Each structure stands twice: as structure tokens, then as C-alpha cells.
$ cat input_37.cif   # mmCIF, C-alpha atoms
data_input
#
loop_
_atom_site.label_atom_id
_atom_site.label_comp_id
_atom_site.auth_asym_id
_atom_site.auth_seq_id
_atom_site.Cartn_x
_atom_site.Cartn_y
_atom_site.Cartn_z
CA MET A 1009 61.92 45.44 -62.42
CA THR A 1010 59.61 43.19 -64.37
CA ALA A 1011 56.14 44.67 -64.70
CA VAL A 1012 53.42 42.62 -63.05
CA ASP A 1013 49.72 42.98 -62.49
CA PRO A 1014 49.16 42.82 -58.72
CA HIS A 1015 45.53 41.89 -59.23
CA VAL A 1016 46.19 38.73 -61.22
CA SER A 1017 45.22 35.68 -59.20
CA VAL A 1018 46.17 32.07 -59.67
CA GLN A 1019 43.48 29.43 -59.97
CA THR A 1020 43.89 26.61 -57.49
CA PRO A 1021 42.28 23.23 -57.33
CA THR A 1022 39.21 23.06 -55.12
CA THR A 1023 39.01 19.31 -54.74
CA GLY A 1024 39.32 17.90 -51.26
CA PRO A 1025 41.49 15.04 -50.05
CA SER A 1026 41.00 11.50 -51.29
CA THR A 1027 42.64 9.65 -48.39
CA ALA A 1028 43.35 10.00 -44.68
CA ARG A 1029 47.00 10.28 -45.62
CA ASP A 1030 46.22 13.45 -47.57
CA VAL A 1031 44.54 14.96 -44.52
CA LEU A 1032 47.45 14.05 -42.24
CA ALA A 1033 49.94 15.51 -44.71
CA ALA A 1034 47.84 18.67 -44.91
CA TYR A 1035 47.93 19.18 -41.13
CA VAL A 1036 51.66 18.57 -41.06
CA GLY A 1037 52.01 21.07 -43.91
CA LEU A 1038 50.13 23.70 -41.90
CA MET A 1039 52.94 23.52 -39.34
CA LYS A 1040 55.56 24.30 -42.05
CA PRO A 1041 58.07 21.66 -40.91
CA ARG A 1042 60.94 23.02 -43.03
CA ILE A 1043 60.80 26.30 -41.13
CA ILE A 1044 60.60 24.45 -37.82
CA GLU A 1045 63.79 22.55 -38.66
CA LEU A 1046 65.71 25.81 -38.88
CA LEU A 1047 64.18 27.11 -35.66
CA LEU A 1048 65.18 23.98 -33.78
CA LEU A 1049 68.68 24.27 -35.16
CA THR A 1050 68.99 27.55 -33.27
CA THR A 1051 67.54 26.03 -30.09
CA VAL A 1052 69.52 22.86 -29.40
CA PRO A 1053 73.06 24.25 -29.90
CA VAL A 1054 72.34 27.04 -27.42
CA MET A 1055 71.41 24.35 -24.89
CA PHE A 1056 74.92 22.89 -25.31
CA LEU A 1057 76.42 26.33 -24.79
CA ALA A 1058 74.33 26.95 -21.68
CA GLN A 1059 75.21 23.52 -20.28
CA ARG A 1060 78.91 23.94 -21.21
CA GLY A 1061 78.67 20.43 -22.52
CA VAL A 1062 75.98 17.90 -23.42
CA PRO A 1063 72.60 18.76 -21.84
CA PRO A 1064 70.33 16.02 -20.45
CA LEU A 1065 68.69 14.10 -23.28
CA GLY A 1066 65.25 14.24 -21.68
CA LEU A 1067 65.45 18.02 -21.43
CA VAL A 1068 66.51 18.31 -25.06
CA VAL A 1069 63.63 16.09 -26.21
CA ALA A 1070 61.09 18.00 -24.13
CA THR A 1071 62.36 21.36 -25.39
CA VAL A 1072 62.48 20.25 -29.02
CA LEU A 1073 58.97 18.77 -28.93
CA GLY A 1074 57.55 21.80 -27.14
CA GLY A 1075 59.30 24.16 -29.56
CA THR A 1076 58.01 22.16 -32.52
CA LEU A 1077 54.42 22.37 -31.31
CA SER A 1078 54.73 26.10 -30.53
CA ALA A 1079 56.25 26.95 -33.92
CA GLY A 1080 53.71 24.71 -35.62
CA SER A 1081 50.93 26.62 -33.88
CA ALA A 1082 52.24 29.97 -35.11
CA ASN A 1083 52.68 28.65 -38.65
CA ALA A 1084 49.21 27.11 -38.76
CA LEU A 1085 47.60 30.35 -37.56
CA ASN A 1086 49.66 32.22 -40.14
CA CYS A 1087 48.24 29.94 -42.82
CA VAL A 1088 44.70 30.69 -41.64
CA TYR A 1089 45.14 34.45 -41.75
CA ASP A 1090 47.11 34.44 -45.01
CA ALA A 1091 44.94 31.95 -46.88
CA ASP A 1092 43.92 34.63 -49.39
CA ILE A 1093 47.55 35.50 -50.07
CA ASP A 1094 48.58 31.86 -50.35
CA GLN A 1095 45.87 31.27 -52.94
CA ARG A 1096 47.26 34.03 -55.19
CA MET A 1097 50.93 33.08 -54.96
CA ARG A 1098 52.35 30.29 -57.09
CA ARG A 1099 54.84 29.40 -54.36
CA THR A 1100 52.11 28.76 -51.79
CA ARG A 1101 49.01 27.78 -53.75
CA ARG A 1102 49.55 24.08 -53.01
CA ARG A 1103 49.16 24.56 -49.27
CA ALA A 1104 46.26 22.91 -47.48
CA LEU A 1105 43.85 25.84 -47.22
CA PRO A 1106 44.10 27.07 -50.84
CA ARG A 1107 43.46 23.47 -51.93
CA HIS A 1108 40.58 23.12 -49.44
CA VAL A 1109 42.05 19.94 -47.99
CA VAL A 1110 41.13 21.21 -44.51
CA THR A 1111 38.60 23.86 -43.57
CA THR A 1112 39.55 27.26 -42.19
CA ARG A 1113 37.80 26.45 -38.92
CA ALA A 1114 39.65 23.15 -38.55
CA ALA A 1115 42.99 24.83 -39.24
CA LEU A 1116 42.20 27.56 -36.69
CA VAL A 1117 41.29 25.03 -34.00
CA PHE A 1118 44.40 23.03 -34.84
CA GLY A 1119 46.65 26.09 -34.51
CA LEU A 1120 45.11 27.23 -31.23
CA ALA A 1121 45.22 23.71 -29.77
CA LEU A 1122 48.91 23.39 -30.62
CA GLY A 1123 49.55 26.72 -28.90
CA VAL A 1124 47.83 25.63 -25.69
CA VAL A 1125 49.46 22.19 -25.64
CA SER A 1126 52.95 23.57 -26.37
CA THR A 1127 52.70 26.18 -23.60
CA LEU A 1128 51.59 23.61 -21.02
CA TRP A 1129 54.17 21.09 -22.24
CA LEU A 1130 57.07 23.52 -21.94
CA GLY A 1131 55.82 24.92 -18.66
CA LEU A 1132 55.37 21.54 -16.98
CA LEU A 1133 58.30 19.63 -18.46
CA VAL A 1134 60.90 22.37 -19.06
CA ASN A 1135 60.15 25.58 -17.15
CA TRP A 1136 57.62 28.41 -17.28
CA LEU A 1137 60.12 31.00 -18.49
CA SER A 1138 60.76 28.97 -21.63
CA ALA A 1139 57.00 28.46 -22.03
CA ALA A 1140 56.38 32.21 -21.73
CA LEU A 1141 59.07 32.99 -24.31
CA ALA A 1142 57.63 30.45 -26.75
CA LEU A 1143 54.15 31.88 -26.29
CA ALA A 1144 55.47 35.42 -26.78
CA ALA A 1145 57.16 34.36 -30.03
CA ASN A 1146 53.92 32.74 -31.19
CA VAL A 1147 51.82 35.84 -30.45
CA PHE A 1148 54.37 38.20 -31.98
CA TYR A 1149 54.57 36.17 -35.19
CA VAL A 1150 50.82 35.83 -35.60
CA VAL A 1151 49.73 39.28 -34.44
CA GLY A 1152 52.81 41.45 -34.90
CA TYR A 1153 54.09 40.09 -38.19
CA THR A 1154 51.18 38.33 -39.89
CA MET A 1155 48.30 40.63 -38.93
CA ILE A 1156 49.99 44.01 -38.57
CA LEU A 1157 53.31 44.29 -40.40
CA LYS A 1158 53.24 41.92 -43.37
CA ARG A 1159 50.66 43.75 -45.49
CA ARG A 1160 51.58 47.29 -44.44
CA THR A 1161 55.32 47.97 -44.68
CA THR A 1162 58.46 46.99 -46.57
CA GLN A 1163 60.12 46.57 -43.18
CA ASN A 1164 57.73 43.71 -42.36
CA ILE A 1165 60.36 40.99 -42.28
CA VAL A 1166 62.89 43.16 -40.43
CA TRP A 1167 60.75 43.56 -37.33
CA GLY A 1168 58.45 40.59 -37.82
CA GLY A 1169 61.45 38.33 -38.19
CA ALA A 1170 62.22 38.86 -34.51
CA ALA A 1171 59.76 36.05 -33.77
CA GLY A 1172 62.20 33.61 -35.33
CA CYS A 1173 64.96 34.76 -32.97
CA PHE A 1174 63.28 33.52 -29.80
CA PRO A 1175 64.54 29.91 -30.05
CA ALA A 1176 68.00 31.13 -29.06
CA LEU A 1177 66.52 32.48 -25.83
CA ILE A 1178 64.37 29.41 -25.26
CA GLY A 1179 67.31 27.03 -25.66
CA TRP A 1180 69.26 28.93 -23.03
CA THR A 1181 66.43 29.28 -20.51
CA ALA A 1182 65.52 25.61 -20.90
CA VAL A 1183 68.87 24.78 -19.29
CA THR A 1184 69.39 27.71 -16.92
CA ASP A 1185 65.84 28.98 -16.22
CA GLN A 1186 67.17 32.53 -16.61
CA LEU A 1187 68.25 34.91 -19.36
CA ALA A 1188 71.82 36.11 -19.98
CA TRP A 1189 73.74 38.16 -22.54
CA ALA A 1190 74.99 35.16 -24.53
CA PRO A 1191 71.55 34.13 -25.86
CA VAL A 1192 70.72 37.79 -26.46
CA VAL A 1193 73.77 38.03 -28.75
CA LEU A 1194 72.59 34.96 -30.67
CA PHE A 1195 69.09 36.44 -30.79
CA MET A 1196 70.59 39.50 -32.50
CA VAL A 1197 72.62 37.36 -34.92
CA VAL A 1198 69.41 35.72 -36.15
CA PHE A 1199 67.67 39.11 -36.18
CA PHE A 1200 70.26 40.62 -38.56
CA TRP A 1201 70.46 37.37 -40.56
CA THR A 1202 66.74 37.32 -41.35
CA PRO A 1203 66.53 40.28 -43.82
CA PRO A 1204 69.32 39.04 -46.15
CA HIS A 1205 67.91 35.52 -45.95
CA PHE A 1206 64.31 36.44 -46.65
CA TRP A 1207 64.94 39.28 -49.12
CA ALA A 1208 66.97 36.91 -51.29
CA LEU A 1209 63.93 34.61 -51.41
CA ALA A 1210 61.61 37.58 -51.98
CA ILE A 1211 63.68 38.69 -54.99
CA ARG A 1212 63.13 35.27 -56.52
CA TYR A 1213 59.37 35.39 -55.84
CA ARG A 1214 58.75 39.14 -56.10
CA GLU A 1215 56.10 38.70 -58.79
CA ASP A 1216 54.22 36.40 -56.44
CA TYR A 1217 54.35 38.98 -53.64
CA ALA A 1218 53.32 41.74 -56.03
CA ALA A 1219 50.35 39.68 -57.22
CA ALA A 1220 49.28 39.20 -53.61
CA ASP A 1221 49.74 42.90 -52.75
CA VAL A 1222 52.37 42.12 -50.11
CA PRO A 1223 54.85 45.03 -49.93
CA MET A 1224 58.06 43.04 -49.55
CA LEU A 1225 61.08 45.27 -50.14
CA PRO A 1226 62.01 43.61 -53.49
CA VAL A 1227 58.50 44.47 -54.75
CA LYS A 1228 58.79 48.15 -53.87
CA ALA A 1229 62.49 48.72 -54.56
CA GLY A 1230 64.87 47.77 -57.34
CA ALA A 1231 67.18 44.83 -56.95
CA ARG A 1232 70.21 47.08 -56.56
CA GLU A 1233 68.70 48.88 -53.55
CA VAL A 1234 67.69 45.57 -51.99
CA ALA A 1235 71.18 44.17 -52.53
CA LYS A 1236 72.71 47.23 -50.85
CA GLN A 1237 70.58 46.66 -47.78
CA ILE A 1238 71.42 42.96 -47.81
CA VAL A 1239 75.13 43.82 -47.77
CA ALA A 1240 74.62 46.28 -44.91
CA TYR A 1241 72.71 43.80 -42.78
CA SER A 1242 75.29 41.11 -43.58
CA TYR A 1243 78.12 43.21 -42.16
CA VAL A 1244 76.17 43.93 -38.97
CA MET A 1245 75.28 40.23 -38.65
CA VAL A 1246 78.89 39.10 -38.97
CA ALA A 1247 80.10 41.75 -36.53
CA THR A 1248 77.42 40.72 -34.03
CA SER A 1249 78.38 37.06 -34.31
CA PHE A 1250 81.85 37.85 -32.92
CA LEU A 1251 80.35 39.33 -29.74
CA LEU A 1252 79.57 35.83 -28.52
CA TRP A 1253 83.31 35.19 -28.11
CA PRO A 1254 83.87 37.63 -25.20
CA VAL A 1255 80.32 37.54 -23.86
CA ALA A 1256 80.07 33.74 -23.54
CA GLY A 1257 83.79 33.13 -23.05
CA THR A 1258 84.03 30.67 -25.94
CA GLY A 1259 87.31 29.11 -26.99
CA TRP A 1260 89.08 29.60 -30.30
CA PHE A 1261 86.85 27.20 -32.27
CA TYR A 1262 83.71 29.34 -32.42
CA PRO A 1263 85.34 32.64 -33.55
CA ALA A 1264 87.42 30.77 -36.13
CA VAL A 1265 84.32 29.19 -37.66
CA ALA A 1266 82.41 32.50 -37.41
CA ALA A 1267 85.21 34.25 -39.30
CA VAL A 1268 85.25 31.75 -42.17
CA LEU A 1269 81.47 31.59 -42.47
CA GLY A 1270 81.11 35.35 -42.15
CA LEU A 1271 83.67 36.00 -44.87
CA ALA A 1272 81.89 33.60 -47.21
CA PHE A 1273 78.53 35.26 -46.46
CA LEU A 1274 79.94 38.73 -47.17
CA VAL A 1275 81.46 37.55 -50.43
CA GLU A 1276 78.15 36.05 -51.56
CA SER A 1277 76.22 39.21 -50.62
CA HIS A 1278 78.70 41.39 -52.53
CA LEU A 1279 78.38 39.11 -55.57
CA LEU A 1280 74.61 39.66 -55.49
CA LEU A 1281 75.20 43.40 -55.32
CA ARG A 1282 77.55 43.23 -58.28
CA ARG A 1283 75.03 41.26 -60.33
CA SER A 1284 72.30 43.75 -59.41
CA ARG A 1285 74.35 46.59 -60.95
CA ALA A 1286 74.30 44.81 -64.29
CA SER A 1287 70.72 43.52 -64.37
CA ASP A 1288 67.40 43.53 -62.54
CA ASN A 1289 66.34 40.22 -64.06
CA VAL A 1290 65.82 37.40 -61.57
CA VAL A 1291 67.65 34.90 -63.75
CA ASP A 1292 70.73 37.12 -63.87
CA LEU A 1293 70.55 38.03 -60.19
CA LYS A 1294 70.61 34.40 -58.98
CA PRO A 1295 69.26 35.38 -55.54
CA MET A 1296 68.71 31.78 -54.46
CA ARG A 1297 72.46 31.34 -54.23
CA LEU A 1298 72.50 33.71 -51.27
CA PHE A 1299 69.29 32.22 -49.86
CA HIS A 1300 70.70 28.68 -49.79
CA TRP A 1301 74.03 29.89 -48.44
CA SER A 1302 72.25 31.81 -45.68
CA ASN A 1303 70.69 28.55 -44.50
CA MET A 1304 74.10 26.90 -44.54
CA TYR A 1305 75.66 29.84 -42.69
CA LEU A 1306 73.20 29.80 -39.82
CA SER A 1307 73.28 26.01 -39.54
CA LEU A 1308 77.06 25.78 -39.38
CA LEU A 1309 77.41 28.80 -37.08
CA PHE A 1310 75.09 27.26 -34.50
CA VAL A 1311 76.79 23.88 -34.87
CA ALA A 1312 79.98 25.71 -33.90
CA VAL A 1313 78.13 27.16 -30.90
CA ALA A 1314 77.34 23.61 -29.77
CA LEU A 1315 80.74 22.10 -30.50
CA ASP A 1316 82.91 24.82 -28.95
CA PRO A 1317 82.24 23.90 -25.28
CA ILE A 1318 82.59 20.19 -26.08
CA ILE A 1319 85.86 20.45 -28.02
CA LEU A 1320 87.55 22.80 -25.59
CA ARG A 1321 86.34 21.57 -22.21
#

$ encode --input "input_37.cif" --output "C-alpha cells"
Amino acid sequence: MTAVDPHVSVQTPTTGPSTARDVLAAYVGLMKPRIIELLLLTTVPVMFLAQRGVPPLGLVVATVLGGTLSAGSANALNCVYDADIDQRMRRTRRRALPRHVVTTRAALVFGLALGVVSTLWLGLLVNWLSAALALAANVFYVVGYTMILKRRTTQNIVWGGAAGCFPALIGWTAVTDQLAWAPVVLFMVVFFWTPPHFWALAIRYREDYAAADVPMLPVKAGAREVAKQIVAYSYVMVATSFLLWPVAGTGWFYPAVAAVLGLAFLVESHLLLRRSRASDNVVDLKPMRLFHWSNMYLSLLFVAVALDPIILR
């Protein structure tokens, strides 16, 4: 592994915004919209599965907006707590707080306000079970992952990543107002998907995490060991994805898509493992190949979840 100095910091600009547009963009950035997109992609398809068809448009809009505000709240509060880390990492130094575009107090108020509004929105316009699940995901991400796990253990993303699994539950309860085994299976698929997905990214930016003293697994272990764990989690993820077939009573479409996508994911994870046996250099490892494919895998798998009841009804 490349030697790095964990105490080296990165200088960031301290100038504030020049226009109202800059401020607006900064607040949107605090919500981390690219992460929210992926979370919503695991919410809406589950609503189709729960409905066994197309759910009411108004319910979808209310759930999506409430989920967006809830996830945005968690992400904004994460930015507040991790502002010192973000300032030292090249990947995150352009965020709003390291650049002093918004104040810490303003970001904190913004995050808390989004949390309150999202909980009331979901409770009043969807149902209180979905609101409670969204609030639980928010608290777990901010307190469990950000404040407790992230800076203390290499298993931070394994357990902390559970917060990103809640949208599967929320999508189901938004339609049915009760939990069932089908969304739990999808919760577990996302749970086992998260370590391969995030560790691939962490391999690419391991020097950043080392500089910020964040003990991500790729910082503390060699690439070969990380790749072995990625392969192991990938097999469990693929196996778990097939449980939806008998549990939810899907047709042939979903398991067929899950098989093709799962095989491709396993091939890509094994290729990373093979490259790790030859080199520990990030350029040679090409971890972003697996990272980008992991996004594609989850997106297409949940699209299959949505299409299966429509195609076969």
C-alpha cells in the first residue's frame, strides 16, 4: 500500500459565495443529491412490488418528496459533523462547509429543519409507520454511523450502511402500512451490497481517508484482503437477491434478471481480486470499475423488482 502521511491536510479556499445562486447550490449540495437518487431508486420499485402494479401517483410523489427531505436531512447533518474530515480530503474539500459558503450553524439548522419537515410530511401524507422508519434511518446514519462507527472501526460501512437499506422498507410500508418479509429481503440485499460498493470507492480514495484518520478497511488492510471480503459479500448479496423470488412470489422475470446481474457482479468482483494479487497500486487495481458496476447492478435489479408485477400480471 502506498505510504501516506495521515496528518497532511489540504488547504481549501475560505472565500464565501458571490451570488445567491452559490448559496442555493451549497444548500442543495449539503443534501448530497447523488446519494439521494440511489436511495429513491430503492424506494419506488418496492412500491410497485407492494402494489402488484402501478401505485397511485400522488402516493409516489409524497413518498419520494418525503424520502428526499429525510435523506437530505441526514446528509446535511453528516456534513456538519464531518466538516473537519471533508476539509482534509481532496474528494470532499469542495463541499459547502469546507469552503465556508454556509456557516456550521446554518447547516445544522437546515439539517434539523429538513428532518422535522420530512417526518411530518411522511406522517401526514403517507403514514406514520413510513415516517418512523425514515426518522430511524436518519438517526441511525447520523448517530450510529457518522458519530460512533465511522472514526472508530474498519467495519464502519458494514453496520453504518444499514441506514441506506431503509428505503426498501419505507417503499413497502408507504403502500401497505405494514412490514413483510419481501421488503426485509430487499433490505438485506442492499445491506450486503453496500460493503463491495463502498470499499471499491474507498480503495480509490484510500489516501484521502488515511489523511483524515478515517479507518476505512482499504486504509487498514491491503487491497488483496479487501478484495477477498468484497468477493465474499458479493456472493452473499447475490444469494440473498434470489430469496425475493419465493418470498414475494415473483414471476420468472425478476429471478432471470437477478441471475444475469449477479453473475456479472461476481465476475467483476473476481477480476478485482485477480488484479489485487498482482498489484496494490490503485491504477492497476481499477476499483472504480466495480464501483460503477455496483451502481448499475442495484439500479437494474430494483427496476426488475418494479417491472416483474407489471409484465406478468

$ resolve_selection --input "input_37.cif" --expression "the PyMOL selection byres ((chain A and resi 1264) around 12)" --output "MDAnalysis selection string"
chainID A and resid 1249:1250 1253 1258:1263 1265:1271 1308:1309 1312:1313 1316

$ write_last_selection --input "input_37.cif" --atoms "C-alpha atoms" --output "JSON list (two decimals), keeping the file's coordinate frame"
[["chain", "number", "residue", "atom", "x", "y", "z"],
["A", 1249, "SER", "CA", 78.38, 37.06, -34.31],
["A", 1250, "PHE", "CA", 81.85, 37.85, -32.92],
["A", 1253, "TRP", "CA", 83.31, 35.19, -28.11],
["A", 1258, "THR", "CA", 84.03, 30.67, -25.94],
["A", 1259, "GLY", "CA", 87.31, 29.11, -26.99],
["A", 1260, "TRP", "CA", 89.08, 29.60, -30.30],
["A", 1261, "PHE", "CA", 86.85, 27.20, -32.27],
["A", 1262, "TYR", "CA", 83.71, 29.34, -32.42],
["A", 1263, "PRO", "CA", 85.34, 32.64, -33.55],
["A", 1265, "VAL", "CA", 84.32, 29.19, -37.66],
["A", 1266, "ALA", "CA", 82.41, 32.50, -37.41],
["A", 1267, "ALA", "CA", 85.21, 34.25, -39.30],
["A", 1268, "VAL", "CA", 85.25, 31.75, -42.17],
["A", 1269, "LEU", "CA", 81.47, 31.59, -42.47],
["A", 1270, "GLY", "CA", 81.11, 35.35, -42.15],
["A", 1271, "LEU", "CA", 83.67, 36.00, -44.87],
["A", 1308, "LEU", "CA", 77.06, 25.78, -39.38],
["A", 1309, "LEU", "CA", 77.41, 28.80, -37.08],
["A", 1312, "ALA", "CA", 79.98, 25.71, -33.90],
["A", 1313, "VAL", "CA", 78.13, 27.16, -30.90],
["A", 1316, "ASP", "CA", 82.91, 24.82, -28.95]]

$ residues_around --input "input_37.cif" --residues "stretch 1152-1157 of chain A" --least-positions-apart "6" --cutoff "7 Å" --atoms "only C-alpha atoms" --output "PyMOL selection string"
chain A and resi 1086+1164+1168

$ resolve_selection --input "input_37.cif" --expression "the PyMOL selection byres ((chain A and resi 1121-1137) around 7)" --output "list of chain:residue names"
A:Leu1067, A:Ala1070, A:Thr1071, A:Gly1074, A:Leu1077, A:Ser1078, A:Ser1081, A:Val1117, A:Phe1118, A:Gly1119, A:Leu1120, A:Ser1138, A:Ala1139, A:Ala1140, A:Leu1141, A:Leu1143, A:Thr1181, A:Ala1182, A:Asp1185

$ write_last_selection --input "input_37.cif" --atoms "C-alpha atoms" --output "mmCIF file, in the frame of the given file"
data_model
loop_
_atom_site.group_PDB
_atom_site.id
_atom_site.type_symbol
_atom_site.label_atom_id
_atom_site.label_comp_id
_atom_site.auth_asym_id
_atom_site.auth_seq_id
_atom_site.Cartn_x
_atom_site.Cartn_y
_atom_site.Cartn_z
ATOM 1 C CA LEU A 1067 65.450 18.020 -21.430
ATOM 2 C CA ALA A 1070 61.090 18.000 -24.130
ATOM 3 C CA THR A 1071 62.360 21.360 -25.390
ATOM 4 C CA GLY A 1074 57.550 21.800 -27.140
ATOM 5 C CA LEU A 1077 54.420 22.370 -31.310
ATOM 6 C CA SER A 1078 54.730 26.100 -30.530
ATOM 7 C CA SER A 1081 50.930 26.620 -33.880
ATOM 8 C CA VAL A 1117 41.290 25.030 -34.000
ATOM 9 C CA PHE A 1118 44.400 23.030 -34.840
ATOM 10 C CA GLY A 1119 46.650 26.090 -34.510
ATOM 11 C CA LEU A 1120 45.110 27.230 -31.230
ATOM 12 C CA SER A 1138 60.760 28.970 -21.630
ATOM 13 C CA ALA A 1139 57.000 28.460 -22.030
ATOM 14 C CA ALA A 1140 56.380 32.210 -21.730
ATOM 15 C CA LEU A 1141 59.070 32.990 -24.310
ATOM 16 C CA LEU A 1143 54.150 31.880 -26.290
ATOM 17 C CA THR A 1181 66.430 29.280 -20.510
ATOM 18 C CA ALA A 1182 65.520 25.610 -20.900
ATOM 19 C CA ASP A 1185 65.840 28.980 -16.220
#

$ atom_distance --input "input_37.cif" --atom1 "atom CA of A:Val1031" --atom2 "atom CA of A:Arg1096"
22.0 Å

$ atom_distance --input "input_37.cif" --atom1 "atom CA of A:Gln1059" --atom2 "atom CA of A:Ala1171"
24.0 Å

$ atom_distance --input "input_37.cif" --atom1 "atom CA of A:Ala1314" --atom2 "atom CA of A:Leu1252"
12.5 Å

$ residues_around --input "input_37.cif" --residues "stretch 1272-1289 of chain A" --least-positions-apart "6" --cutoff "9 Å" --atoms "all atoms listed in the file" --output "list in words"
Met1009, Thr1010, Pro1204, Gly1230, Ala1231, Arg1232, Glu1233, Val1234, Ala1235, Lys1236, Ile1238, Val1239, Ser1242, Tyr1243, Val1246, Pro1295, Arg1297, Leu1298, Trp1301, Ser1302 and Tyr1305 of chain A

$ closest_residue --input "input_37.cif" --among "A:Val1147, A:Leu1085, A:Leu1105, A:Ala1142" --to "A:Val1072" --atoms "only C-alpha atoms"
A:Ala1142

$ resolve_selection --input "input_37.cif" --expression "the PyMOL selection byres ((chain A and resi 1225) around 8)" --output "PDB file with C-alpha atoms, in the frame of the given file"
ATOM      1  CA  THR A1162      58.460  46.990 -46.570  1.00  0.00           C
ATOM      2  CA  GLN A1163      60.120  46.570 -43.180  1.00  0.00           C
ATOM      3  CA  TRP A1207      64.940  39.280 -49.120  1.00  0.00           C
ATOM      4  CA  ALA A1210      61.610  37.580 -51.980  1.00  0.00           C
ATOM      5  CA  PRO A1223      54.850  45.030 -49.930  1.00  0.00           C
ATOM      6  CA  MET A1224      58.060  43.040 -49.550  1.00  0.00           C
ATOM      7  CA  PRO A1226      62.010  43.610 -53.490  1.00  0.00           C
ATOM      8  CA  VAL A1227      58.500  44.470 -54.750  1.00  0.00           C
ATOM      9  CA  LYS A1228      58.790  48.150 -53.870  1.00  0.00           C
ATOM     10  CA  ALA A1229      62.490  48.720 -54.560  1.00  0.00           C
ATOM     11  CA  VAL A1234      67.690  45.570 -51.990  1.00  0.00           C
TER      12      VAL A1234
END

$ decode --input "input_37.cif" --residues "stretch 1194-1207 of chain A" --atoms "N, CA, C and O atoms" --output "PDB file, in the first residue's frame"
ATOM      1  N   LEU A1194     -35.166  -7.361   0.506  1.00  0.00           N
ATOM      2  CA  LEU A1194     -34.529  -6.289  -0.264  1.00  0.00           C
ATOM      3  C   LEU A1194     -33.656  -5.408   0.625  1.00  0.00           C
ATOM      4  O   LEU A1194     -32.612  -4.898   0.179  1.00  0.00           O
ATOM      5  N   PHE A1195     -34.071  -5.220   1.861  1.00  0.00           N
ATOM      6  CA  PHE A1195     -33.230  -4.527   2.852  1.00  0.00           C
ATOM      7  C   PHE A1195     -31.878  -5.241   2.961  1.00  0.00           C
ATOM      8  O   PHE A1195     -30.812  -4.605   2.940  1.00  0.00           O
ATOM      9  N   MET A1196     -31.909  -6.574   3.057  1.00  0.00           N
ATOM     10  CA  MET A1196     -30.678  -7.348   3.208  1.00  0.00           C
ATOM     11  C   MET A1196     -29.834  -7.341   1.930  1.00  0.00           C
ATOM     12  O   MET A1196     -28.610  -7.381   1.994  1.00  0.00           O
ATOM     13  N   VAL A1197     -30.486  -7.286   0.774  1.00  0.00           N
ATOM     14  CA  VAL A1197     -29.731  -7.186  -0.486  1.00  0.00           C
ATOM     15  C   VAL A1197     -28.896  -5.914  -0.476  1.00  0.00           C
ATOM     16  O   VAL A1197     -27.697  -5.926  -0.796  1.00  0.00           O
ATOM     17  N   VAL A1198     -29.519  -4.794  -0.120  1.00  0.00           N
ATOM     18  CA  VAL A1198     -28.783  -3.520  -0.072  1.00  0.00           C
ATOM     19  C   VAL A1198     -27.719  -3.561   1.020  1.00  0.00           C
ATOM     20  O   VAL A1198     -26.617  -3.011   0.850  1.00  0.00           O
ATOM     21  N   PHE A1199     -28.018  -4.222   2.132  1.00  0.00           N
ATOM     22  CA  PHE A1199     -27.060  -4.328   3.235  1.00  0.00           C
ATOM     23  C   PHE A1199     -25.776  -5.029   2.775  1.00  0.00           C
ATOM     24  O   PHE A1199     -24.667  -4.569   3.058  1.00  0.00           O
ATOM     25  N   PHE A1200     -25.914  -6.152   2.065  1.00  0.00           N
ATOM     26  CA  PHE A1200     -24.739  -6.890   1.607  1.00  0.00           C
ATOM     27  C   PHE A1200     -24.104  -6.252   0.371  1.00  0.00           C
ATOM     28  O   PHE A1200     -22.929  -6.502   0.085  1.00  0.00           O
ATOM     29  N   TRP A1201     -24.859  -5.429  -0.335  1.00  0.00           N
ATOM     30  CA  TRP A1201     -24.319  -4.703  -1.493  1.00  0.00           C
ATOM     31  C   TRP A1201     -23.423  -3.548  -1.060  1.00  0.00           C
ATOM     32  O   TRP A1201     -22.456  -3.212  -1.758  1.00  0.00           O
ATOM     33  N   THR A1202     -23.706  -2.936   0.068  1.00  0.00           N
ATOM     34  CA  THR A1202     -23.017  -1.713   0.480  1.00  0.00           C
ATOM     35  C   THR A1202     -21.508  -1.883   0.663  1.00  0.00           C
ATOM     36  O   THR A1202     -20.736  -1.039   0.175  1.00  0.00           O
ATOM     37  N   PRO A1203     -21.013  -2.933   1.364  1.00  0.00           N
ATOM     38  CA  PRO A1203     -19.555  -3.044   1.518  1.00  0.00           C
ATOM     39  C   PRO A1203     -18.794  -3.158   0.200  1.00  0.00           C
ATOM     40  O   PRO A1203     -17.811  -2.412  -0.004  1.00  0.00           O
ATOM     41  N   PRO A1204     -19.164  -4.035  -0.747  1.00  0.00           N
ATOM     42  CA  PRO A1204     -18.439  -4.048  -2.020  1.00  0.00           C
ATOM     43  C   PRO A1204     -18.497  -2.705  -2.734  1.00  0.00           C
ATOM     44  O   PRO A1204     -17.494  -2.253  -3.309  1.00  0.00           O
ATOM     45  N   HIS A1205     -19.662  -2.079  -2.712  1.00  0.00           N
ATOM     46  CA  HIS A1205     -19.840  -0.789  -3.367  1.00  0.00           C
ATOM     47  C   HIS A1205     -18.925   0.274  -2.763  1.00  0.00           C
ATOM     48  O   HIS A1205     -18.177   0.953  -3.468  1.00  0.00           O
ATOM     49  N   PHE A1206     -18.976   0.402  -1.449  1.00  0.00           N
ATOM     50  CA  PHE A1206     -18.233   1.487  -0.802  1.00  0.00           C
ATOM     51  C   PHE A1206     -16.747   1.179  -0.689  1.00  0.00           C
ATOM     52  O   PHE A1206     -15.909   2.087  -0.793  1.00  0.00           O
ATOM     53  N   TRP A1207     -16.375  -0.076  -0.467  1.00  0.00           N
ATOM     54  CA  TRP A1207     -14.952  -0.407  -0.367  1.00  0.00           C
ATOM     55  C   TRP A1207     -14.243  -0.199  -1.697  1.00  0.00           C
ATOM     56  O   TRP A1207     -13.058   0.150  -1.714  1.00  0.00           O
TER      57      TRP A1207
END
